[in-house]
Amino acid sequence: MLIIEHLTKTYGEKKAVDDLSLHIRPGEIFGFIGHNGAGKSTTLKSAVGILQFDEGQITICGKNIREEPVACKKDLAYIPDNPDMYEFMSGIKYLNFVADVFGIPSSARQEKIRRYADIFELTGDLAQPISAYSHGMKQKLALISAWIHDPKLIVMDEPFVGLDPKASHLLKEMMREHCDRGGAIFFSTHVLEVAEKLCDKVAIIKQGRLIREGTMEEVKGDDSLEEVFLELEAE
Amino acid sequence: MLKVLLKKQIAEVFRSYFYDAKKNRMRSKGAIAAWIIFFVVVMVGVLGGMFTALSLSLCGALAQAGMGWLFFVLMGLIAIVLGAFGSVFNTYSGLYLAKDNDLLLSMPIPVKTVIASRLINVYLMGAMYSSTALLPAVIVYWITGGLSAAKVICGLLFMLMVTVIVLLLSCILGWVVAKISLKLKNKSFITVLISLVFIGAYYFFYFKASDFVRDIIQNAETYGNRIKGAAYGLYLFGRMGDGSWAAAGICTAVTAVVSLLVWRVLSRSFLKIATSNGAAEKRRYVEKQAKERSVFGAMLAKEFWRFTASANYMLNCGLGILLLPVSGVFLLIKGRVICEAIGDVFSSRPDAAAVLLCTLFCLMACMNDMAAPSVSLEGKSIWIPQSLPVEPKTVLRAKTAVQLILTEIPMLFAAVCAVIALPGSAGLKVMFVITTLVAAAFMAMFDITIGLAMPILNWTNETAPIKQSGAVTLALLGGWGIVVIPGILYLLIGWRLGAVTYLIVWSAIMAVISLLLLRRLDTKGAAAFRML
């Protein structure tokens, strides 16, 4: 679904991501872990075509993000760590805007908006301007906008930040359902307990370099993910 | 702390002079100097020059008649209008809508320090604009009326008082706008409407200024007596500039009391307004069938929502929408007289009226420059168009299309009005319409190109991209510069071609440049947008 090969991205003198390779397959929830500034967001942004990278290849569903960016983006949804959205729009306008861009027919989008807005208890606030939303509400709106067009790949940067416990639980269920239907999820998180319980595979990045990758069992063995992570960070 | 906050505010306002957002680094010393020189030329050369001329025409006669105070009343009021007019929305957006309000309020910074830093910023901006009228007035008066300790000290005090009054008015009006904004539903449109009334009044007085000045000089004593009788405060205000210690003392005391009152009101209401989420009352969501749009349609609708959601954006970048049709109607009524007058002045230049009116319409079209800040206005939301399956050229074309639509329609109306009023052949009339429409298209392409070349994405207050950015300044002034050239060239040499041929050549050149800019936008522009 998503293949990252030898990705390198430099900011001035600093290598934010250094020769990183990852392979996310259909049906996988892939967790991406690292301390602040390790290169997680840079990798995610490069994967979805927001950030231009220096070296390497990224393919989504067999298409190269550099050569066919629009075709790649049709198959994916991205949620950044801080969902700054169009504050001049209402929630429903934003969702319809995203649906228009993805060409979702009116009746289908209505059904999906109703379903996901009800799940996240956001229906009553859809007519409100986004400027009036709390961080958590914006996060929920971003999640709905990601799910309404049935993307094959969902890329999320710290998706649980700002969500209340119920919404976090619902998101985990939705992530699992999405992957059970053959989709894939690639997300970064600092919440290691969530990653440990939720992810099929995990990758740990340090100073832009991949230092551990594999199935959850391969990475953590008999220890907890937190112990493994702290051990690797200390090295 | 105040110094740190103030430094941050000032740095934000003048950021584009020192920092190249596109290259993400500080500008070279040469570039900084060039930007500052450009700014000084505009402020001192253009505005300062205009008010120096006005001061020279007023001061001598009034000072000779012993009515120097009336000169200070007039120049003081002009300075107040000039300073406060531009600062109302600065105060509103800078004080209440700044995106870093929450951040600063969460820090161990006293609320009053936050307000004070914002207000000093508003003060400096207001003082900058009002000084373009005040400084020439005071200097001209000192030269004309002679120097004395009282005149110099009271003159300086007069300048200080005017700048403080500008701040007070900006604060009061900004506070009123903020209060209204909390209550209204269609606040952007209502704010625009109110502002347009002010703008209308402003231009009315501006165009009547020369008659007004003549009238005042001729009837200085009558007006002086009336002001003394009906508005003694204004008399004292003028006397302060004239060198009266008593007037200076009274005016300073009154201004200090009003300042204290305004400060109390602002500091009491700031938290409530600044932390309000802007929702007047909760809107109920009623599910209904959404209208499906194409990708371009969705991007276009988004740009229109962005434009109409902000009074600041509409007022600063959309004045042409109103000016063009108003000018068209004006030409329908007075067109013949104007054309005859132009014909008399340029009797050796056939059809000069058509070409000059065409130039005038193009100048007005330049006041629609909504495409210029549109890239910067994406701000931190830039990830949305970049992560969605939309070609960057579609995004840029949608931004351009908003300006095209909002300029071409009023331009067409104005041009049709003009050709009804204009004497001349059918060919001239057709070319008048075509040239103005092509010019509007050219301006849209020019503005989006400039906007893309000079983006600012990390602003905390939308005034920065809309009003204070290099892109908007260049789009407006550069646009004026570009469209005025053909008008001048016609008067110099172009008339030899004949107006119709000249307009054909002018349109063709602009059409070709527009197409080249469009091609550049689709290729290099799209690549640049992807890299933002």
# chains A, B, ... in the order shown; residues from 1 in each chain; ligands from 1

call {"tool": "interface_residues", "arguments": {"of": "chain B", "to": "chain A", "cutoff": "9 Å", "atoms": "only C-alpha atoms", "output": "number ranges by chain"}}
result
B: 276-279, 282-299, 301-302, 305-306, 309-310, 378-384, 386-391, 530-532

call {"tool": "select_by_dssp", "arguments": {"residues": "region 21-214 of chain A", "states": "helix (DSSP H, G or I)", "output": "number ranges by chain"}}
result
A: 40-47, 69-74, 91-101, 106-119, 123-125, 130-132, 135-147, 165-180, 192-198

call {"tool": "write_last_selection", "arguments": {"atoms": "C-alpha atoms", "output": "mmCIF file, in the first residue's frame"}}
result
data_model
loop_
_atom_site.group_PDB
_atom_site.id
_atom_site.type_symbol
_atom_site.label_atom_id
_atom_site.label_comp_id
_atom_site.auth_asym_id
_atom_site.auth_seq_id
_atom_site.Cartn_x
_atom_site.Cartn_y
_atom_site.Cartn_z
ATOM 1 C CA LYS A 40 8.138 11.448 12.258
ATOM 2 C CA SER A 41 6.140 14.394 10.919
ATOM 3 C CA THR A 42 8.646 14.957 8.134
ATOM 4 C CA THR A 43 8.251 11.346 7.044
ATOM 5 C CA LEU A 44 4.458 11.510 7.185
ATOM 6 C CA LYS A 45 4.333 14.797 5.279
ATOM 7 C CA SER A 46 6.703 13.435 2.647
ATOM 8 C CA ALA A 47 4.563 10.310 2.327
ATOM 9 C CA PRO A 69 0.755 13.158 -6.782
ATOM 10 C CA VAL A 70 -2.937 13.686 -7.468
ATOM 11 C CA ALA A 71 -3.577 10.005 -8.233
ATOM 12 C CA CYS A 72 -1.776 9.067 -5.003
ATOM 13 C CA LYS A 73 -3.720 11.597 -2.962
ATOM 14 C CA LYS A 74 -7.010 10.161 -4.251
ATOM 15 C CA GLY A 91 -18.122 22.116 9.783
ATOM 16 C CA ILE A 92 -20.656 20.939 7.199
ATOM 17 C CA LYS A 93 -19.265 23.243 4.524
ATOM 18 C CA TYR A 94 -15.806 21.854 5.135
ATOM 19 C CA LEU A 95 -17.024 18.274 4.863
ATOM 20 C CA ASN A 96 -18.911 19.047 1.654
ATOM 21 C CA PHE A 97 -15.807 20.797 0.318
ATOM 22 C CA VAL A 98 -13.689 17.684 0.933
ATOM 23 C CA ALA A 99 -16.439 15.479 -0.510
ATOM 24 C CA ASP A 100 -16.578 17.649 -3.640
ATOM 25 C CA VAL A 101 -12.831 17.379 -4.107
ATOM 26 C CA SER A 106 -24.406 13.858 -2.707
ATOM 27 C CA SER A 107 -26.461 11.005 -1.314
ATOM 28 C CA ALA A 108 -23.428 8.907 -0.369
ATOM 29 C CA ARG A 109 -21.698 11.781 1.397
ATOM 30 C CA GLN A 110 -24.842 12.633 3.315
ATOM 31 C CA GLU A 111 -25.091 9.127 4.667
ATOM 32 C CA LYS A 112 -21.411 9.102 5.667
ATOM 33 C CA ILE A 113 -21.466 12.534 7.236
ATOM 34 C CA ARG A 114 -24.539 11.546 9.240
ATOM 35 C CA ARG A 115 -22.911 8.295 10.339
ATOM 36 C CA TYR A 116 -19.513 9.622 11.397
ATOM 37 C CA ALA A 117 -20.807 12.899 12.837
ATOM 38 C CA ASP A 118 -23.212 10.873 14.981
ATOM 39 C CA ILE A 119 -20.400 8.566 16.082
ATOM 40 C CA THR A 123 -23.875 16.493 14.337
ATOM 41 C CA GLY A 124 -25.306 19.321 16.423
ATOM 42 C CA ASP A 125 -22.231 21.456 15.787
ATOM 43 C CA ILE A 130 -14.939 25.975 12.623
ATOM 44 C CA SER A 131 -13.509 29.025 14.402
ATOM 45 C CA ALA A 132 -15.901 28.201 17.244
ATOM 46 C CA HIS A 135 -9.202 21.496 19.425
ATOM 47 C CA GLY A 136 -10.935 18.160 19.994
ATOM 48 C CA MET A 137 -13.877 19.111 17.780
ATOM 49 C CA LYS A 138 -11.499 20.140 15.008
ATOM 50 C CA GLN A 139 -9.734 16.816 15.389
ATOM 51 C CA LYS A 140 -13.062 14.994 15.116
ATOM 52 C CA LEU A 141 -13.978 17.014 12.020
ATOM 53 C CA ALA A 142 -10.621 16.168 10.462
ATOM 54 C CA LEU A 143 -11.244 12.489 11.198
ATOM 55 C CA ILE A 144 -14.709 12.615 9.613
ATOM 56 C CA SER A 145 -13.276 14.356 6.542
ATOM 57 C CA ALA A 146 -10.679 11.608 6.281
ATOM 58 C CA TRP A 147 -13.159 8.760 6.566
ATOM 59 C CA PRO A 165 -11.540 9.103 25.985
ATOM 60 C CA LYS A 166 -14.751 8.094 24.211
ATOM 61 C CA ALA A 167 -13.653 9.570 20.898
ATOM 62 C CA SER A 168 -10.224 7.935 21.284
ATOM 63 C CA HIS A 169 -11.924 4.584 21.804
ATOM 64 C CA LEU A 170 -14.157 5.118 18.784
ATOM 65 C CA LEU A 171 -11.181 6.110 16.654
ATOM 66 C CA LYS A 172 -9.347 2.922 17.591
ATOM 67 C CA GLU A 173 -12.394 0.899 16.544
ATOM 68 C CA MET A 174 -12.648 2.792 13.277
ATOM 69 C CA MET A 175 -8.965 2.237 12.573
ATOM 70 C CA ARG A 176 -9.321 -1.489 13.128
ATOM 71 C CA GLU A 177 -12.474 -1.680 10.974
ATOM 72 C CA HIS A 178 -10.725 0.237 8.196
ATOM 73 C CA CYS A 179 -7.839 -2.214 8.151
ATOM 74 C CA ASP A 180 -10.167 -5.203 8.380
ATOM 75 C CA LEU A 192 2.996 3.895 23.583
ATOM 76 C CA GLU A 193 0.250 1.939 25.377
ATOM 77 C CA VAL A 194 -2.130 2.707 22.499
ATOM 78 C CA ALA A 195 0.481 1.759 19.924
ATOM 79 C CA GLU A 196 1.210 -1.483 21.747
ATOM 80 C CA LYS A 197 -2.433 -2.536 21.849
ATOM 81 C CA LEU A 198 -3.487 -1.225 18.451
#

call {"tool": "residues_around", "arguments": {"residues": "region 25-29 of chain A", "least_positions_apart": "2", "cutoff": "7 Å", "atoms": "only C-alpha atoms", "output": "list in words"}}
result
Met1, Leu2, His23, Gly31, Cys179, Asp180, Gly182, Gly183, Ala184, Ile185, Phe186, Cys199, Asp200 and Lys201 of chain A
